[in-house]
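Engineer: Following this line is work-v1.txt, made up of compact mmCIF, C-alpha atoms and all ligand atoms:
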```txt
# COMPACT_ATOMS: atom_id res chain seq x y z
CA MET A 8 -0.32 6.98 15.95
CA LYS A 9 -1.52 10.40 14.85
CA ILE A 10 -2.72 10.68 11.26
CA LYS A 11 -3.33 14.30 10.32
CA LYS A 12 -3.81 14.26 6.55
CA ALA A 13 -6.39 12.61 4.34
CA ILE A 14 -6.52 12.43 0.56
CA PHE A 15 -9.89 12.42 -1.19
CA PRO A 16 -9.40 11.28 -4.79
CA VAL A 17 -12.26 12.84 -6.75
CA GLY A 18 -10.72 12.89 -10.20
CA GLY A 19 -12.63 9.95 -11.69
CA LEU A 20 -15.02 10.25 -14.61
CA GLY A 21 -17.99 8.62 -12.90
CA THR A 22 -19.04 6.89 -16.12
CA ARG A 23 -21.41 4.51 -14.34
CA PHE A 24 -23.52 7.50 -13.41
CA LEU A 25 -23.77 9.23 -16.77
CA PRO A 26 -25.49 11.42 -17.80
CA ALA A 27 -25.84 12.81 -14.23
CA THR A 28 -22.05 13.10 -13.95
CA LYS A 29 -21.48 14.75 -17.31
CA SER A 30 -21.14 18.23 -15.81
CA MET A 31 -21.45 17.46 -12.09
CA PRO A 32 -18.92 15.56 -9.96
CA LYS A 33 -20.14 12.15 -8.79
CA GLU A 34 -18.98 13.12 -5.30
CA MET A 35 -21.58 15.93 -5.22
CA LEU A 36 -24.48 13.48 -5.61
CA PRO A 37 -26.62 13.90 -2.49
CA ILE A 38 -27.56 11.20 -0.03
CA VAL A 39 -30.80 12.77 1.24
CA ASP A 40 -29.57 16.40 1.44
CA LYS A 41 -25.81 16.10 1.86
CA PRO A 42 -23.30 15.43 -0.92
CA LEU A 43 -21.20 12.28 -0.73
CA ILE A 44 -17.99 14.26 -0.33
CA GLN A 45 -19.33 15.94 2.80
CA TYR A 46 -19.99 12.57 4.45
CA ALA A 47 -16.39 11.65 3.64
CA VAL A 48 -14.99 14.87 5.09
CA GLU A 49 -17.12 14.47 8.23
CA GLU A 50 -15.85 10.91 8.72
CA ALA A 51 -12.28 12.16 8.37
CA ALA A 52 -12.84 15.02 10.82
CA GLU A 53 -14.36 12.56 13.30
CA ALA A 54 -11.13 10.54 12.97
CA GLY A 55 -9.00 13.57 13.90
CA ILE A 56 -7.89 14.53 10.38
CA GLU A 57 -6.76 18.16 10.21
CA GLN A 58 -5.73 18.57 6.57
CA PHE A 59 -8.10 17.61 3.78
CA ILE A 60 -6.46 17.11 0.37
CA PHE A 61 -8.69 16.72 -2.69
CA VAL A 62 -7.34 15.35 -5.95
CA THR A 63 -9.71 16.95 -8.43
CA SER A 64 -9.89 17.21 -12.19
CA ARG A 65 -11.58 19.25 -14.90
CA GLY A 66 -15.22 19.96 -14.10
CA LYS A 67 -14.96 19.38 -10.34
CA SER A 68 -15.04 22.99 -9.15
CA ALA A 69 -18.42 22.41 -7.45
CA ILE A 70 -16.48 20.52 -4.76
CA GLU A 71 -14.22 23.50 -4.04
CA ASN A 72 -17.22 25.82 -3.93
CA HIS A 73 -19.06 23.49 -1.58
CA PHE A 74 -16.33 23.85 1.05
CA ASP A 75 -16.09 27.62 0.74
CA HIS A 76 -18.18 30.56 1.92
CA SER A 77 -21.02 31.62 -0.34
CA PHE A 78 -21.50 35.21 0.80
CA GLU A 79 -24.58 35.86 -1.32
CA LEU A 80 -26.36 32.74 -0.05
CA GLU A 81 -25.33 33.29 3.57
CA ASN A 82 -26.35 36.95 3.46
CA ASN A 83 -29.70 35.99 1.98
CA LEU A 84 -30.36 33.37 4.65
CA LEU A 85 -29.39 35.90 7.33
CA MET A 86 -31.71 38.59 5.92
CA GLN A 87 -34.59 36.11 5.72
CA GLY A 88 -34.00 34.92 9.29
CA LYS A 89 -33.37 31.35 8.14
CA LYS A 90 -30.93 30.71 10.95
CA ASN A 91 -31.14 26.94 10.76
CA PHE A 92 -30.14 26.81 7.10
CA LEU A 93 -27.43 29.37 7.74
CA LYS A 94 -26.03 27.17 10.50
CA ILE A 95 -26.12 24.08 8.24
CA THR A 96 -24.28 26.00 5.52
CA GLN A 97 -21.61 27.42 7.80
CA GLU A 98 -20.87 24.67 10.29
CA MET A 99 -19.21 22.45 7.69
CA LEU A 100 -16.63 25.09 6.78
CA LYS A 101 -13.22 24.41 8.23
CA ILE A 102 -10.48 26.85 9.16
CA PRO A 103 -8.96 28.46 6.01
CA GLY A 104 -5.89 26.57 4.87
CA THR A 105 -6.97 23.16 6.03
CA TYR A 106 -8.35 22.29 2.59
CA ALA A 107 -5.98 21.81 -0.35
CA TYR A 108 -6.73 20.96 -3.96
CA VAL A 109 -4.44 19.39 -6.52
CA ARG A 110 -5.36 18.51 -10.08
CA GLN A 111 -5.11 15.14 -11.72
CA GLN A 112 -4.67 16.13 -15.35
CA GLU A 113 -5.93 12.85 -16.78
CA PRO A 114 -8.01 10.06 -15.23
CA ALA A 115 -5.10 7.60 -15.19
CA GLY A 116 -6.40 5.63 -12.20
CA LEU A 117 -6.69 5.73 -8.42
CA GLY A 118 -2.97 5.05 -7.89
CA HIS A 119 -2.12 7.95 -10.16
CA ALA A 120 -4.60 10.22 -8.33
CA ILE A 121 -2.91 9.48 -4.98
CA TRP A 122 0.52 10.11 -6.51
CA CYS A 123 -0.67 13.57 -7.65
CA ALA A 124 -0.85 14.60 -3.95
CA ARG A 125 2.73 13.53 -3.16
CA HIS A 126 4.05 17.06 -2.56
CA LEU A 127 1.50 17.65 0.19
CA ILE A 128 2.50 14.61 2.26
CA ASP A 129 5.74 14.50 4.26
CA ASN A 130 7.39 11.40 5.63
CA GLU A 131 4.21 10.40 7.49
CA PRO A 132 1.32 7.94 7.17
CA PHE A 133 -1.82 9.40 5.64
CA ALA A 134 -5.43 8.37 5.11
CA VAL A 135 -7.33 7.93 1.85
CA ILE A 136 -11.13 8.06 1.62
CA LEU A 137 -13.14 7.25 -1.49
CA ALA A 138 -16.28 9.32 -1.07
CA ASP A 139 -18.43 7.06 -3.22
CA ASP A 140 -17.91 4.22 -0.72
CA LEU A 141 -20.36 5.38 1.93
CA ILE A 142 -20.23 3.45 5.22
CA THR A 143 -22.85 3.85 7.93
CA GLY A 144 -21.77 4.92 11.39
CA ASN A 145 -19.20 7.50 10.26
CA LEU A 146 -16.51 5.80 12.35
CA THR A 147 -14.60 3.52 9.96
CA LEU A 148 -11.54 5.72 9.58
CA LYS A 149 -11.49 6.51 13.29
CA ASN A 150 -11.50 2.79 14.12
CA MET A 151 -8.79 2.13 11.56
CA ILE A 152 -6.54 4.84 13.01
CA HIS A 153 -7.16 3.39 16.47
CA ASN A 154 -5.90 -0.02 15.25
CA TYR A 155 -3.09 1.30 13.02
CA GLN A 156 0.44 0.25 13.97
CA GLY A 157 2.43 1.30 10.91
CA GLY A 158 2.72 0.05 7.34
CA ASN A 159 -0.28 -0.01 5.04
CA MET A 160 -3.82 -0.67 6.15
CA VAL A 161 -6.95 -1.26 4.06
CA ALA A 162 -10.58 -1.63 5.06
CA ILE A 163 -11.98 -4.98 3.95
CA MET A 164 -15.39 -6.63 3.79
CA GLU A 165 -16.86 -9.94 2.63
CA VAL A 166 -18.49 -9.98 -0.80
CA ASN A 167 -20.24 -12.69 -2.81
CA LYS A 168 -17.78 -14.81 -4.75
CA ASN A 169 -19.43 -13.77 -8.04
CA GLU A 170 -18.69 -10.08 -7.28
CA THR A 171 -14.89 -10.32 -6.97
CA SER A 172 -14.32 -8.78 -10.40
CA SER A 173 -15.62 -5.44 -9.06
CA TYR A 174 -13.08 -5.15 -6.22
CA GLY A 175 -9.48 -5.47 -5.12
CA ILE A 176 -9.40 -8.89 -3.42
CA VAL A 177 -6.99 -9.91 -0.65
CA LYS A 178 -5.36 -13.12 0.57
CA THR A 179 -5.04 -13.05 4.35
CA LYS A 180 -3.80 -14.62 7.57
CA GLU A 181 -6.18 -14.00 10.47
CA ILE A 182 -4.71 -12.19 13.49
CA THR A 183 -7.95 -11.50 15.37
CA SER A 184 -11.57 -11.69 14.19
CA LYS A 185 -11.32 -8.16 12.73
CA ASN A 186 -7.62 -7.83 11.98
CA PHE A 187 -5.79 -9.69 9.22
CA GLU A 188 -2.31 -9.75 7.75
CA ILE A 189 -2.62 -9.37 3.99
CA THR A 190 -0.17 -11.56 2.10
CA HIS A 191 -1.34 -10.77 -1.42
CA MET A 192 -3.88 -8.58 -3.21
CA VAL A 193 -5.15 -8.50 -6.76
CA GLU A 194 -7.33 -5.95 -8.57
CA LYS A 195 -10.70 -7.15 -9.89
CA PRO A 196 -9.98 -10.90 -10.33
CA ASN A 197 -12.49 -13.25 -11.90
CA PRO A 198 -14.14 -15.46 -9.25
CA GLU A 199 -12.06 -18.49 -10.32
CA ASN A 200 -8.80 -16.58 -9.75
CA ALA A 201 -9.84 -14.67 -6.61
CA PRO A 202 -7.70 -15.55 -3.56
CA SER A 203 -10.71 -15.06 -1.21
CA ASN A 204 -14.01 -13.22 -1.00
CA LEU A 205 -12.53 -10.41 1.12
CA ALA A 206 -12.66 -7.14 -0.80
CA ILE A 207 -10.93 -3.81 -0.32
CA VAL A 208 -13.29 -0.86 0.17
CA GLY A 209 -12.46 2.83 0.00
CA ARG A 210 -10.61 3.49 3.25
CA TYR A 211 -6.83 3.26 3.49
CA ILE A 212 -3.98 4.32 5.73
CA LEU A 213 -0.79 4.35 3.72
CA ASP A 214 2.90 4.61 4.43
CA SER A 215 4.34 7.54 2.46
CA LYS A 216 6.87 5.16 0.85
CA ILE A 217 3.98 4.26 -1.49
CA PHE A 218 4.75 7.41 -3.54
CA LYS A 219 8.10 5.97 -4.66
CA ILE A 220 6.28 2.83 -5.86
CA LEU A 221 3.48 4.77 -7.57
CA GLU A 222 6.04 6.85 -9.43
CA LYS A 223 7.17 3.73 -11.31
CA GLN A 224 3.91 1.76 -11.28
CA ASN A 225 2.83 0.51 -14.70
CA ALA A 226 -0.81 0.62 -15.73
CA GLY A 227 -2.70 -2.50 -14.65
CA LYS A 228 -6.33 -3.58 -14.85
CA GLY A 229 -8.41 -1.28 -17.06
CA LYS A 230 -5.14 0.32 -18.28
CA GLU A 231 -5.16 2.44 -15.10
CA ILE A 232 -2.42 2.88 -12.50
CA GLN A 233 -3.89 0.80 -9.71
CA LEU A 234 -3.36 1.54 -6.01
CA THR A 235 -3.91 -2.18 -5.31
CA ASP A 236 -0.88 -3.10 -7.46
CA ALA A 237 1.32 -0.58 -5.66
CA ILE A 238 0.30 -1.77 -2.18
CA ASN A 239 0.72 -5.40 -3.28
CA SER A 240 4.27 -4.77 -4.46
CA GLN A 241 5.17 -3.50 -0.97
CA ILE A 242 3.99 -6.70 0.73
CA GLY A 243 7.07 -8.46 2.09
CA THR A 244 8.82 -5.21 2.98
CA THR A 245 5.88 -3.26 4.47
CA PHE A 246 3.30 -4.89 6.73
CA CYS A 247 -0.17 -4.77 5.18
CA HIS A 248 -3.08 -4.83 7.60
CA GLY A 249 -6.64 -5.72 6.58
CA PHE A 250 -9.29 -4.23 8.87
CA LEU A 251 -12.76 -5.78 8.80
CA PHE A 252 -14.89 -2.73 9.50
CA GLU A 253 -18.30 -2.56 11.14
CA GLY A 254 -21.25 -0.95 9.38
CA GLU A 255 -23.02 -1.23 6.07
CA ARG A 256 -21.20 -0.06 2.96
CA TYR A 257 -22.97 1.43 -0.06
CA ASP A 258 -21.28 1.72 -3.45
CA CYS A 259 -22.71 5.11 -4.34
CA GLY A 260 -20.79 5.12 -7.61
CA SER A 261 -23.36 2.55 -8.76
CA LYS A 262 -27.01 3.42 -9.31
CA LEU A 263 -28.36 0.65 -7.09
CA GLY A 264 -25.99 1.43 -4.21
CA PHE A 265 -26.84 5.13 -4.44
CA ILE A 266 -30.59 4.48 -4.30
CA GLN A 267 -30.20 2.01 -1.42
CA ALA A 268 -28.08 4.53 0.52
CA ASN A 269 -30.67 7.27 0.00
CA ILE A 270 -33.50 5.09 1.27
CA THR A 271 -31.50 3.77 4.24
CA PHE A 272 -30.28 7.20 5.33
CA ALA A 273 -33.71 8.77 4.83
CA LEU A 274 -35.35 6.07 6.97
CA GLU A 275 -33.01 7.09 9.80
CA ARG A 276 -34.15 10.72 9.65
CA ASN A 277 -36.89 11.83 12.03
CA ASP A 278 -38.19 14.35 9.50
CA LEU A 279 -38.62 11.72 6.77
CA LYS A 280 -38.92 8.20 8.15
CA ASN A 281 -42.67 8.01 8.82
CA GLU A 282 -43.86 9.38 5.51
CA LEU A 283 -41.21 7.51 3.56
CA SER A 284 -41.90 4.12 5.14
CA THR A 285 -45.66 4.56 4.64
CA TRP A 286 -45.04 5.36 0.98
CA LEU A 287 -42.57 2.48 0.54
CA LYS A 288 -45.10 0.03 1.95
CA LYS A 289 -47.73 1.45 -0.37
CA ILE A 290 -45.69 0.95 -3.54
P1 LIG B 1 -13.98 4.51 -9.61
O1 LIG B 1 -13.41 3.16 -9.86
O2 LIG B 1 -15.32 4.56 -8.96
O3 LIG B 1 -13.98 5.29 -10.99
O4 LIG B 1 -12.92 5.29 -8.76
P2 LIG B 1 -14.81 6.54 -11.44
O5 LIG B 1 -14.17 7.08 -12.67
O6 LIG B 1 -14.99 7.51 -10.32
O7 LIG B 1 -16.25 5.95 -11.77
P3 LIG B 1 -16.70 4.97 -12.96
O8 LIG B 1 -16.11 3.62 -12.62
O9 LIG B 1 -16.17 5.54 -14.24
O10 LIG B 1 -18.18 4.99 -12.89
C1 LIG B 1 -12.78 5.14 -7.37
C2 LIG B 1 -12.36 6.46 -6.77
O11 LIG B 1 -11.12 6.88 -7.34
C3 LIG B 1 -11.23 8.16 -7.91
C4 LIG B 1 -12.72 8.36 -8.18
O12 LIG B 1 -13.04 9.74 -8.20
C5 LIG B 1 -13.35 7.58 -7.03
O13 LIG B 1 -13.41 8.35 -5.84
N1 LIG B 1 -10.42 8.23 -9.14
C6 LIG B 1 -10.50 7.22 -10.04
C7 LIG B 1 -9.61 9.32 -9.36
O14 LIG B 1 -9.54 10.26 -8.53
N2 LIG B 1 -8.89 9.36 -10.51
C8 LIG B 1 -8.93 8.36 -11.43
O15 LIG B 1 -8.22 8.46 -12.45
C9 LIG B 1 -9.76 7.27 -11.18
```
What is this file in structure tokens?
Structural biologist:
Amino acid sequence: MKIKKAIFPVGGLGTRFLPATKSMPKEMLPIVDKPLIQYAVEEAAEAGIEQFIFVTSRGKSAIENHFDHSFELENNLLMQGKKNFLKITQEMLKIPGTYAYVRQQEPAGLGHAIWCARHLIDNEPFAVILADDLITGNLTLKNMIHNYQGGNMVAIMEVNKNETSSYGIVKTKEITSKNFEITHMVEKPNPENAPSNLAIVGRYILDSKIFKILEKQNAGKGKEIQLTDAINSQIGTTFCHGFLFEGERYDCGSKLGFIQANITFALERNDLKNELSTWLKKI
């Protein structure tokens, strides 16, 4: 099934990363030399996405500027003969009109952020990528689309039982070793109430009927309108597919995850790995 549109909710406050995120979007934090949001867009493009919809908020204009021409910079690089940097700057720019930005006027939760993009989605399934959930390999969404057969689909992974209160947790029936039917999901349960140790991470394919649910969804955990609650309320009428993805996931909205991602990605770079590993061993 062809999925052409992806929503990137980037309206959150990023409080876990203050003060860095006071005047800079969390999604612009770099992993080595590329901002998180660019990894997300590249993963979506690799999956065949053609329309990139960002749900932004106050103070997030750096994201819009990142995906636009910077004539002064490009002209400078051209004049100085820095062709490589010019290429890096230009090759990420998509055809005009393929990026769209909508504003979330208040940080009322992930479910609310998705709902803010409702006018840009027709009667069609669409993808959602949370840029702060960085997954190695760049292929998670592509693999999900390959396995998608309608309904809602979420990427899942195993977590330690004592970490369930940081995630949406699912109850499942196994279909194959990687594919599960989700029969229930709950946002951030305490370990004693968690239905499993399978957690939702930031990749979704959603049926557009979700907008009707989100419209009426009451605030849940953390007094935010939770996407997990909306998807859960569709279970029974809309098939919900859990996809156990391959690759390592880094929670780059947390300081530890961000540092781990930077080290891992840098160690994979030919221009950095030798010096970095020597230095890491030394310290
Ligand atoms: P997080 O749970 O990481 O929240 O949101 P946050 O506000 O970004 O960060 P902390 O927890 O305060 O440190 C998960 C994703 O949902 C988006 C965020 O931008 C992030 O990509 N989001 C969250 C919104 O777009 N709007 C919201 O109201 C909440």
Engineer: Taking all atoms of ligand LIG 1 (chain B) that appear in the file, build a box with edges along x, y and z, extend it by 3 Å on every side, and state its centre and edge lengths in Å to one decimal, as lines of an AutoDock Vina configuration file.
Structural biologist:
```
center_x = -13.2
center_y = 6.7
center_z = -10.0
size_x = 16.0
size_y = 13.1
size_z = 14.4
```
Engineer: Check the smallest atom-to-atom distance from each of A:Ala124, A:Leu146, A:Leu213, A:Leu283 to ligand LIG 1 (chain B) using all atoms listed in the file, then report the winner.
Structural biologist: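 Using all atoms listed in the file, ligand LIG 1 (chain B) sits closest to A:Ala124.
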Engineer: Would you write out, as CSV, a table of all residues in range 30-68 of chain A that have an atom no more than 9 Å from an atom of range 21-24 of chain A, listing for each the closest atom pair and the distance in Å to one decimal, considering all atoms listed in the file and ordering rows by chain and rising residue number?
Structural biologist:
```
residue,atom,partner,partner_atom,distance
A:Pro32,CA,A:Gly21,CA,7.6
A:Lys33,CA,A:Gly21,CA,5.8
A:Glu34,CA,A:Gly21,CA,8.9
```
Engineer: So, counting only C-alpha atoms and all ligand atoms, which residue among A:Lys289, A:Arg110, A:Lys223, A:His73 is closest to ligand LIG 1 (chain B)?
Structural biologist: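 Comparing A:Lys289, A:Arg110, A:Lys223, A:His73 against ligand LIG 1 (chain B), the winner is A:Arg110.
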Engineer: Just to confirm, what's the straight-line distance from CA of Glu194 in chain A to CA of Met35 in chain A in Å (one decimal)?
Structural biologist: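 Going from CA of Glu194 in chain A over to CA of Met35 in chain A, I get 26.3 Å.
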Engineer: Please identify all protein, DNA and RNA residues within 9 Å of ligand LIG 1 (chain B), counting all atoms listed in the file, and report them as a PDB file with C-alpha atoms, in the frame of the given file.
Structural biologist:
```pdb
ATOM      1  CA  PHE A  15      -9.890  12.420  -1.190  1.00  0.00           C
ATOM      2  CA  PRO A  16      -9.400  11.280  -4.790  1.00  0.00           C
ATOM      3  CA  VAL A  17     -12.260  12.840  -6.750  1.00  0.00           C
ATOM      4  CA  GLY A  18     -10.720  12.890 -10.200  1.00  0.00           C
ATOM      5  CA  GLY A  19     -12.630   9.950 -11.690  1.00  0.00           C
ATOM      6  CA  LEU A  20     -15.020  10.250 -14.610  1.00  0.00           C
ATOM      7  CA  GLY A  21     -17.990   8.620 -12.900  1.00  0.00           C
ATOM      8  CA  THR A  22     -19.040   6.890 -16.120  1.00  0.00           C
ATOM      9  CA  ARG A  23     -21.410   4.510 -14.340  1.00  0.00           C
ATOM     10  CA  PHE A  24     -23.520   7.500 -13.410  1.00  0.00           C
ATOM     11  CA  LEU A  25     -23.770   9.230 -16.770  1.00  0.00           C
ATOM     12  CA  PRO A  32     -18.920  15.560  -9.960  1.00  0.00           C
ATOM     13  CA  LYS A  33     -20.140  12.150  -8.790  1.00  0.00           C
ATOM     14  CA  GLU A  34     -18.980  13.120  -5.300  1.00  0.00           C
ATOM     15  CA  PHE A  61      -8.690  16.720  -2.690  1.00  0.00           C
ATOM     16  CA  VAL A  62      -7.340  15.350  -5.950  1.00  0.00           C
ATOM     17  CA  THR A  63      -9.710  16.950  -8.430  1.00  0.00           C
ATOM     18  CA  SER A  64      -9.890  17.210 -12.190  1.00  0.00           C
ATOM     19  CA  GLN A 111      -5.110  15.140 -11.720  1.00  0.00           C
ATOM     20  CA  GLN A 112      -4.670  16.130 -15.350  1.00  0.00           C
ATOM     21  CA  GLU A 113      -5.930  12.850 -16.780  1.00  0.00           C
ATOM     22  CA  PRO A 114      -8.010  10.060 -15.230  1.00  0.00           C
ATOM     23  CA  ALA A 115      -5.100   7.600 -15.190  1.00  0.00           C
ATOM     24  CA  GLY A 116      -6.400   5.630 -12.200  1.00  0.00           C
ATOM     25  CA  LEU A 117      -6.690   5.730  -8.420  1.00  0.00           C
ATOM     26  CA  GLY A 118      -2.970   5.050  -7.890  1.00  0.00           C
ATOM     27  CA  HIS A 119      -2.120   7.950 -10.160  1.00  0.00           C
ATOM     28  CA  ALA A 120      -4.600  10.220  -8.330  1.00  0.00           C
ATOM     29  CA  ILE A 121      -2.910   9.480  -4.980  1.00  0.00           C
ATOM     30  CA  ILE A 136     -11.130   8.060   1.620  1.00  0.00           C
ATOM     31  CA  LEU A 137     -13.140   7.250  -1.490  1.00  0.00           C
ATOM     32  CA  ALA A 138     -16.280   9.320  -1.070  1.00  0.00           C
ATOM     33  CA  ASP A 139     -18.430   7.060  -3.220  1.00  0.00           C
ATOM     34  CA  ASP A 140     -17.910   4.220  -0.720  1.00  0.00           C
ATOM     35  CA  SER A 173     -15.620  -5.440  -9.060  1.00  0.00           C
ATOM     36  CA  GLY A 209     -12.460   2.830   0.000  1.00  0.00           C
ATOM     37  CA  GLU A 231      -5.160   2.440 -15.100  1.00  0.00           C
ATOM     38  CA  ILE A 232      -2.420   2.880 -12.500  1.00  0.00           C
ATOM     39  CA  GLN A 233      -3.890   0.800  -9.710  1.00  0.00           C
ATOM     40  CA  ASP A 258     -21.280   1.720  -3.450  1.00  0.00           C
ATOM     41  CA  CYS A 259     -22.710   5.110  -4.340  1.00  0.00           C
ATOM     42  CA  GLY A 260     -20.790   5.120  -7.610  1.00  0.00           C
ATOM     43  CA  SER A 261     -23.360   2.550  -8.760  1.00  0.00           C
TER      44      SER A 261
END
```
Engineer: Would you mind telling me which residue in A:His248, A:Arg276, A:Lys262, A:Lys101 lies nearest to Glu49 in chain A when using only C-alpha atoms?
Structural biologist: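 Distance minimum relative to Glu49 in chain A lands on A:Lys101.
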